[in-house]
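Working notes, structure below.
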Amino acid sequence: MSVTARKQQASVAQTPAPAKSHVVTLAVRPVRRIDIRHIGLAVLRNVLPPLVVLVLLLAIWQLLCEQPGASLPPPSQVWQDSYDLIVYPFFYNGPQDIGLAWRVLVSLQRVAYGFGLAAVAGVLVGAVIGQSVWAMRGLDPIFQVLRTVPPLAWLPLSLAAFQNSNPSAIFVIFITSIWPVIINTAVGVRNIPQDYRNVAKVLRLNQIEFFFRIMVPAAAPYIFTGLRIGAGLSWLAIVAAEMLTGGVGIGFFIWDAWNSSRLPDIIVALAYIGITGFVLDRLVAGLGAVVTRGMTSN
C-alpha cells in the first residue's frame with residue numbers, strides 16, 4: 001500500500017460519522033371537546049333551583065285561591081281563561097286586538113327613546129358635575145329633590161307641554177331614569193385616581209380626549225351601575241304612564257283589563273312585564289361586563 005493510499009485511509013477513519021438527525025414533533029393544539037356533563041351540571045345549578053321555587057309558589061297559590069270565595073283566580077283558571085295570550089303572544093287581529101308580545105315591543109320602543117336620551121344626557125351631565133366642585137355644589141341639591149318626584153307626577157306637566165301621549169310618555173321615562181345615571185357617573189368621575197389625571201396632563205390631552213380615553217374607561221363600572229338602575233326605572237315608568245295615556249302598550253292593556261274585570265289577563269301581563277324587566281337588566285349588565293372587561297384589559 002502506497003503512502004498516499006495510507007493517508008487517504010487515515011483521513012477517512014478520522015472523519016466523524018454524521019450525527020443522527022432527530023425529528024422534532026410540533027405540539028398539536030388540543031381539540032376542545034364539548035363537556036356535556038359540565039354543561040348539564042351548570043344548567044341544573046342555575047335553572048333547577050328557580051324552577052323548584054316557582055313550582056312551590058304556584059302550588060301554594062293554587063291551594064290558597066281555589067277555595068270558594070277567593071278574590072284572586074288560581075293558576076289553573078289563569079291558564080284556562082288566558083290561554084290565547086300565553087300560547088300565542090304574536091297574534092294580530094286588528095289595531096287594538098294584538099298579542100302581548102307586540103304590546104311589549106311597543107312599550108320597549110318608547111323605553112328605547114326615553115332611556116337612550118337619559119343615558120347620553122346623564123353621562124355628559126354627570127361627567128361635568130364630577131369634574132367641577134362648583135357644579136356639584138350647585139346642581140346636586142336640585143337633582144336630589146327632583147329625583148324623588150314619582151314618575152306619574154310628571155305626566156300632567158308633560159301632557160300639557162307636548163299635547164300628545166307618545167312624547168309625554170317618553171319624557172316621563174327620560175325624567176325618571178336620568179337621575180341614577182347622573183349621580184353614578186358623577187361619583188365615578190370624582191373617584192378617578194389622581195395618577196390618571198397626571199398622565200393626562202403629561203400627554204397634554206384635551207377635554208374630548210380626556211373624556212374618551214381616561215374618564216369613561218375609569219368610571220365605566222359606576223356608569224353601568226347607573227344605567228342598570230335607570231333601565232329598571234324606565235320600564236317601571238312606561239308601564240305606569242301607559243295606564244293613563246292609552247295606546248297599545250302593555251300598561252294600557254293592564255288598565256283596560258282591569259276595567260273589563262279580566263284578572264287572569266292582568267296576571268299574564270304582569271308575568272310579561274317581569275320577564276321583560278329581567279331581560280333588560282341582564283342585557284345592560286352583560287353589556288357593562290363586556291365593556292369594562294375590554295377597558296380593563298386595555
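In the C-alpha cells, chains take letters A, B, ... by order of appearance, with residues numbered from 1 within each chain and ligands from 1 in the order shown.
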Produce a table with one row for each residue of segment 240-286 of chain A that has an atom at most 10 Å from any atom of segment 55-79 of chain A, each row naming the nearest atom pair and its distance in Å at one decimal; use only C-alpha atoms; arrange rows by chain and rising residue number; format as a Markdown table.
| residue | atom | partner | partner_atom | distance |
| --- | --- | --- | --- | --- |
| A:Arg262 | CA | A:Val78 | CA | 9.8 |
| A:Leu263 | CA | A:Pro73 | CA | 7.3 |
| A:Pro264 | CA | A:Val78 | CA | 4.7 |
| A:Asp265 | CA | A:Val78 | CA | 7.4 |
| A:Ile266 | CA | A:Val78 | CA | 9.5 |
| A:Ile267 | CA | A:Val78 | CA | 7.6 |
| A:Val268 | CA | A:Val78 | CA | 7.7 |
Using only N, CA, C and O atoms, please write the residues we just selected to a file, as a PDB file, in the first residue's frame.
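Written out: out.pdb:
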ATOM      1  N   ARG A 262    -110.944  41.509  33.882  1.00  0.00           N
ATOM      2  CA  ARG A 262    -110.240  40.325  33.393  1.00  0.00           C
ATOM      3  C   ARG A 262    -108.967  40.131  34.220  1.00  0.00           C
ATOM      4  O   ARG A 262    -107.851  40.424  33.783  1.00  0.00           O
ATOM      5  N   LEU A 263    -109.120  39.612  35.423  1.00  0.00           N
ATOM      6  CA  LEU A 263    -107.977  39.424  36.310  1.00  0.00           C
ATOM      7  C   LEU A 263    -106.957  38.422  35.774  1.00  0.00           C
ATOM      8  O   LEU A 263    -105.741  38.632  35.923  1.00  0.00           O
ATOM      9  N   PRO A 264    -107.362  37.312  35.153  1.00  0.00           N
ATOM     10  CA  PRO A 264    -106.351  36.410  34.590  1.00  0.00           C
ATOM     11  C   PRO A 264    -105.469  37.079  33.540  1.00  0.00           C
ATOM     12  O   PRO A 264    -104.257  36.841  33.496  1.00  0.00           O
ATOM     13  N   ASP A 265    -106.058  37.951  32.714  1.00  0.00           N
ATOM     14  CA  ASP A 265    -105.248  38.659  31.723  1.00  0.00           C
ATOM     15  C   ASP A 265    -104.243  39.596  32.392  1.00  0.00           C
ATOM     16  O   ASP A 265    -103.103  39.757  31.925  1.00  0.00           O
ATOM     17  N   ILE A 266    -104.633  40.219  33.490  1.00  0.00           N
ATOM     18  CA  ILE A 266    -103.717  41.098  34.215  1.00  0.00           C
ATOM     19  C   ILE A 266    -102.547  40.303  34.772  1.00  0.00           C
ATOM     20  O   ILE A 266    -101.381  40.737  34.707  1.00  0.00           O
ATOM     21  N   ILE A 267    -102.807  39.136  35.300  1.00  0.00           N
ATOM     22  CA  ILE A 267    -101.733  38.311  35.857  1.00  0.00           C
ATOM     23  C   ILE A 267    -100.752  37.887  34.766  1.00  0.00           C
ATOM     24  O   ILE A 267     -99.528  37.915  34.955  1.00  0.00           O
ATOM     25  N   VAL A 268    -101.273  37.510  33.612  1.00  0.00           N
ATOM     26  CA  VAL A 268    -100.388  37.141  32.499  1.00  0.00           C
ATOM     27  C   VAL A 268     -99.556  38.338  32.054  1.00  0.00           C
ATOM     28  O   VAL A 268     -98.351  38.232  31.790  1.00  0.00           O
TER      29      VAL A 268
END
| field | Long-range neighbours of Leu236 of chain A as a PyMOL selection string, 12 Å cut-off, only C-alpha atoms, 2 positions minimum in chain | value | chain A and resi 107-108+111+115+150-152+169+172-174+176-177+229-234+238-243+250-251+270+273-274+276-278+280
inquiry  = For Leu287 of chain A, find every residue with an atom within 12 Å (counting only C-alpha atoms), except residues of its own chain fewer than 3 positions away, and show them as a ChimeraX atom specification.
reply    = /A:220-221,223-225,227-228,280-284,290-294
| field | Per-residue DSSP, segment 75-266 of chain A, filtered to alpha helix (DSSP H), as a ChimeraX atom specification | value | /A:75-81,83-87,100-131,133-146,151-162,165-190,194-203,207-210,216-245,250-259,263-266
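Neighbours of Ala121 of chain A closer than or equal to 12 Å, with only C-alpha atoms counted and sequence neighbours fewer than 2 positions away skipped, come out as Gly114, Phe115, Gly116, Leu117, Ala118, Ala119, Val123, Leu124, Val125, Gly126, Ala127, Val128, Phe174, Ile175, Ser177, Ile178, Trp179, Pro180, Val181, Ile182, Ile183, Thr185 and Leu227 of chain A.
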The distance between atom CA of Ala237 of chain A and atom CA of Arg110 of chain A is 10.6 Å
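Nearest to Ala219 of chain A of all the residues A:Val202, A:Leu244, A:Ile192, A:Ala161 is A:Ile192, counting only C-alpha atoms.
Of the listed residues (A:Val279, A:Tyr272, A:Gly286, A:Gly130), A:Tyr272 comes nearest to Ala101 of chain A; the distances count only C-alpha atoms.
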Expressed in Å, the length from atom CA of Ala218 of chain A to atom CA of Ala289 of chain A is 13.7 Å
- [ ] Might you pull out every residue within 12 Å of Asp97 of chain A, with only C-alpha atoms counted and same-chain residues fewer than 2 positions away left off, and present them as a list in words?
- [x] Asp84, Leu85, Pro89, Phe90, Phe91, Tyr92, Asn93, Gly94, Pro95, Gly99, Leu100, Ala101, Trp102, Arg103, Gly247, Val248, Gly249, Phe253 and Asp256 of chain A
Could you save those same residues with all heavy atoms as a short mmCIF file (atom, residue, chain, number, x, y, z; two decimals), in the first residue's frame?
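File written: selection34.cif
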data_model
loop_
_atom_site.label_atom_id
_atom_site.label_comp_id
_atom_site.auth_asym_id
_atom_site.auth_seq_id
_atom_site.Cartn_x
_atom_site.Cartn_y
_atom_site.Cartn_z
N ASP A 84 -105.01 31.94 25.13
CA ASP A 84 -104.54 32.55 23.88
C ASP A 84 -103.41 33.54 24.12
O ASP A 84 -102.46 33.62 23.34
CB ASP A 84 -105.70 33.25 23.17
CG ASP A 84 -106.74 32.27 22.66
OD1 ASP A 84 -106.38 31.09 22.47
OD2 ASP A 84 -107.90 32.66 22.46
N LEU A 85 -103.50 34.31 25.20
CA LEU A 85 -102.44 35.28 25.50
C LEU A 85 -101.13 34.60 25.86
O LEU A 85 -100.05 35.11 25.57
CB LEU A 85 -102.87 36.19 26.65
CG LEU A 85 -104.05 37.12 26.40
CD1 LEU A 85 -104.40 37.89 27.66
CD2 LEU A 85 -103.74 38.08 25.26
N PRO A 89 -98.47 34.71 21.72
CA PRO A 89 -98.14 36.11 22.08
C PRO A 89 -98.04 37.04 20.88
O PRO A 89 -98.01 38.26 21.06
CB PRO A 89 -96.79 35.98 22.79
CG PRO A 89 -96.18 34.75 22.21
CD PRO A 89 -97.31 33.82 21.91
N PHE A 90 -97.98 36.50 19.65
CA PHE A 90 -97.77 37.35 18.47
C PHE A 90 -98.99 37.38 17.54
O PHE A 90 -98.84 37.66 16.35
CB PHE A 90 -96.55 36.87 17.68
CG PHE A 90 -95.24 37.14 18.36
CD1 PHE A 90 -94.61 36.14 19.10
CD2 PHE A 90 -94.63 38.39 18.28
CE1 PHE A 90 -93.40 36.39 19.72
CE2 PHE A 90 -93.44 38.64 18.91
CZ PHE A 90 -92.82 37.64 19.64
N PHE A 91 -100.17 37.09 18.05
CA PHE A 91 -101.33 37.13 17.17
C PHE A 91 -101.70 38.58 16.86
O PHE A 91 -101.42 39.52 17.64
CB PHE A 91 -102.52 36.38 17.78
CG PHE A 91 -103.17 37.09 18.94
CD1 PHE A 91 -104.15 38.05 18.72
CD2 PHE A 91 -102.83 36.78 20.25
CE1 PHE A 91 -104.77 38.70 19.77
CE2 PHE A 91 -103.45 37.43 21.31
CZ PHE A 91 -104.40 38.40 21.07
N TYR A 92 -102.33 38.79 15.73
CA TYR A 92 -102.73 40.14 15.30
C TYR A 92 -104.09 40.03 14.62
O TYR A 92 -104.21 39.51 13.52
CB TYR A 92 -101.69 40.71 14.32
CG TYR A 92 -101.98 42.13 13.89
CD1 TYR A 92 -101.54 43.20 14.66
CD2 TYR A 92 -102.71 42.40 12.74
CE1 TYR A 92 -101.80 44.51 14.28
CE2 TYR A 92 -102.99 43.70 12.35
CZ TYR A 92 -102.52 44.75 13.12
OH TYR A 92 -102.80 46.04 12.73
N ASN A 93 -105.10 40.57 15.31
CA ASN A 93 -106.46 40.56 14.78
C ASN A 93 -107.00 41.95 14.52
O ASN A 93 -108.19 42.12 14.29
CB ASN A 93 -107.40 39.82 15.74
CG ASN A 93 -107.03 38.36 15.90
OD1 ASN A 93 -106.53 37.73 14.95
ND2 ASN A 93 -107.26 37.81 17.08
N GLY A 94 -106.13 42.95 14.58
CA GLY A 94 -106.56 44.32 14.37
C GLY A 94 -105.69 45.27 15.16
O GLY A 94 -104.83 44.84 15.95
N PRO A 95 -105.87 46.57 14.97
CA PRO A 95 -105.00 47.54 15.64
C PRO A 95 -105.05 47.45 17.16
O PRO A 95 -104.05 47.70 17.83
CB PRO A 95 -105.54 48.89 15.15
CG PRO A 95 -106.24 48.58 13.86
CD PRO A 95 -106.81 47.22 14.04
N GLY A 99 -101.35 40.50 20.24
CA GLY A 99 -100.76 39.70 21.30
C GLY A 99 -99.93 40.55 22.26
O GLY A 99 -99.52 41.68 21.96
N LEU A 100 -99.67 39.97 23.43
CA LEU A 100 -98.92 40.71 24.45
C LEU A 100 -97.47 40.96 24.03
O LEU A 100 -96.87 41.94 24.46
CB LEU A 100 -98.95 39.94 25.77
CG LEU A 100 -100.29 39.93 26.51
CD1 LEU A 100 -100.16 39.20 27.83
CD2 LEU A 100 -100.78 41.35 26.75
N ALA A 101 -96.92 40.11 23.21
CA ALA A 101 -95.54 40.35 22.75
C ALA A 101 -95.46 41.62 21.92
O ALA A 101 -94.51 42.40 22.05
CB ALA A 101 -95.05 39.15 21.93
N TRP A 102 -96.47 41.87 21.06
CA TRP A 102 -96.48 43.11 20.29
C TRP A 102 -96.66 44.32 21.20
O TRP A 102 -96.05 45.37 20.98
CB TRP A 102 -97.61 43.09 19.25
CG TRP A 102 -97.45 42.06 18.18
CD1 TRP A 102 -98.29 41.02 17.90
CD2 TRP A 102 -96.37 41.96 17.25
NE1 TRP A 102 -97.80 40.28 16.85
CE2 TRP A 102 -96.63 40.83 16.43
CE3 TRP A 102 -95.21 42.69 17.02
CZ2 TRP A 102 -95.77 40.43 15.41
CZ3 TRP A 102 -94.35 42.31 16.00
CH2 TRP A 102 -94.63 41.19 15.21
N ARG A 103 -97.45 44.19 22.23
CA ARG A 103 -97.64 45.29 23.17
C ARG A 103 -96.35 45.59 23.93
O ARG A 103 -96.01 46.75 24.17
CB ARG A 103 -98.77 44.96 24.15
CG ARG A 103 -100.14 44.81 23.46
CD ARG A 103 -101.23 44.53 24.49
NE ARG A 103 -102.53 44.33 23.85
CZ ARG A 103 -103.38 45.30 23.54
NH1 ARG A 103 -103.06 46.57 23.82
NH2 ARG A 103 -104.54 45.05 22.97
N GLY A 247 -103.21 53.90 24.25
CA GLY A 247 -102.38 53.30 23.22
C GLY A 247 -102.49 51.79 23.23
O GLY A 247 -103.49 51.23 23.71
N VAL A 248 -101.47 51.12 22.71
CA VAL A 248 -101.49 49.67 22.63
C VAL A 248 -100.37 49.05 23.46
O VAL A 248 -100.02 47.89 23.27
CB VAL A 248 -101.37 49.20 21.16
CG1 VAL A 248 -102.58 49.60 20.37
CG2 VAL A 248 -100.10 49.75 20.52
N GLY A 249 -99.77 49.82 24.35
CA GLY A 249 -98.69 49.30 25.18
C GLY A 249 -99.20 48.35 26.24
O GLY A 249 -100.40 48.19 26.47
N PHE A 253 -102.91 47.93 28.37
CA PHE A 253 -103.59 46.64 28.37
C PHE A 253 -104.01 46.26 29.79
O PHE A 253 -105.13 45.74 30.00
CB PHE A 253 -102.70 45.56 27.78
CG PHE A 253 -103.27 44.18 27.85
CD1 PHE A 253 -104.17 43.73 26.92
CD2 PHE A 253 -102.91 43.32 28.89
CE1 PHE A 253 -104.71 42.45 27.00
CE2 PHE A 253 -103.44 42.05 28.98
CZ PHE A 253 -104.34 41.61 28.04
N ASP A 256 -106.96 48.45 30.79
CA ASP A 256 -108.18 48.04 30.08
C ASP A 256 -108.70 46.72 30.61
O ASP A 256 -109.93 46.54 30.73
CB ASP A 256 -107.86 47.93 28.58
CG ASP A 256 -109.10 47.56 27.76
OD1 ASP A 256 -110.04 48.38 27.71
OD2 ASP A 256 -109.11 46.46 27.18
#
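Nearest-residue note for Ser165 of chain A: choosing from A:Gln80, A:Asn259, A:Ser132, A:Thr245, the minimum distance belongs to A:Thr245, counting only C-alpha atoms.
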re atom CA of Arg197 of chain A and atom CA of Ile214 of chain A: distance 7.9 Å
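The closest residue to Met215 of chain A, picked from A:Ile36, A:Ala200, A:Val87, A:Val145 and counting only C-alpha atoms, is A:Ala200.
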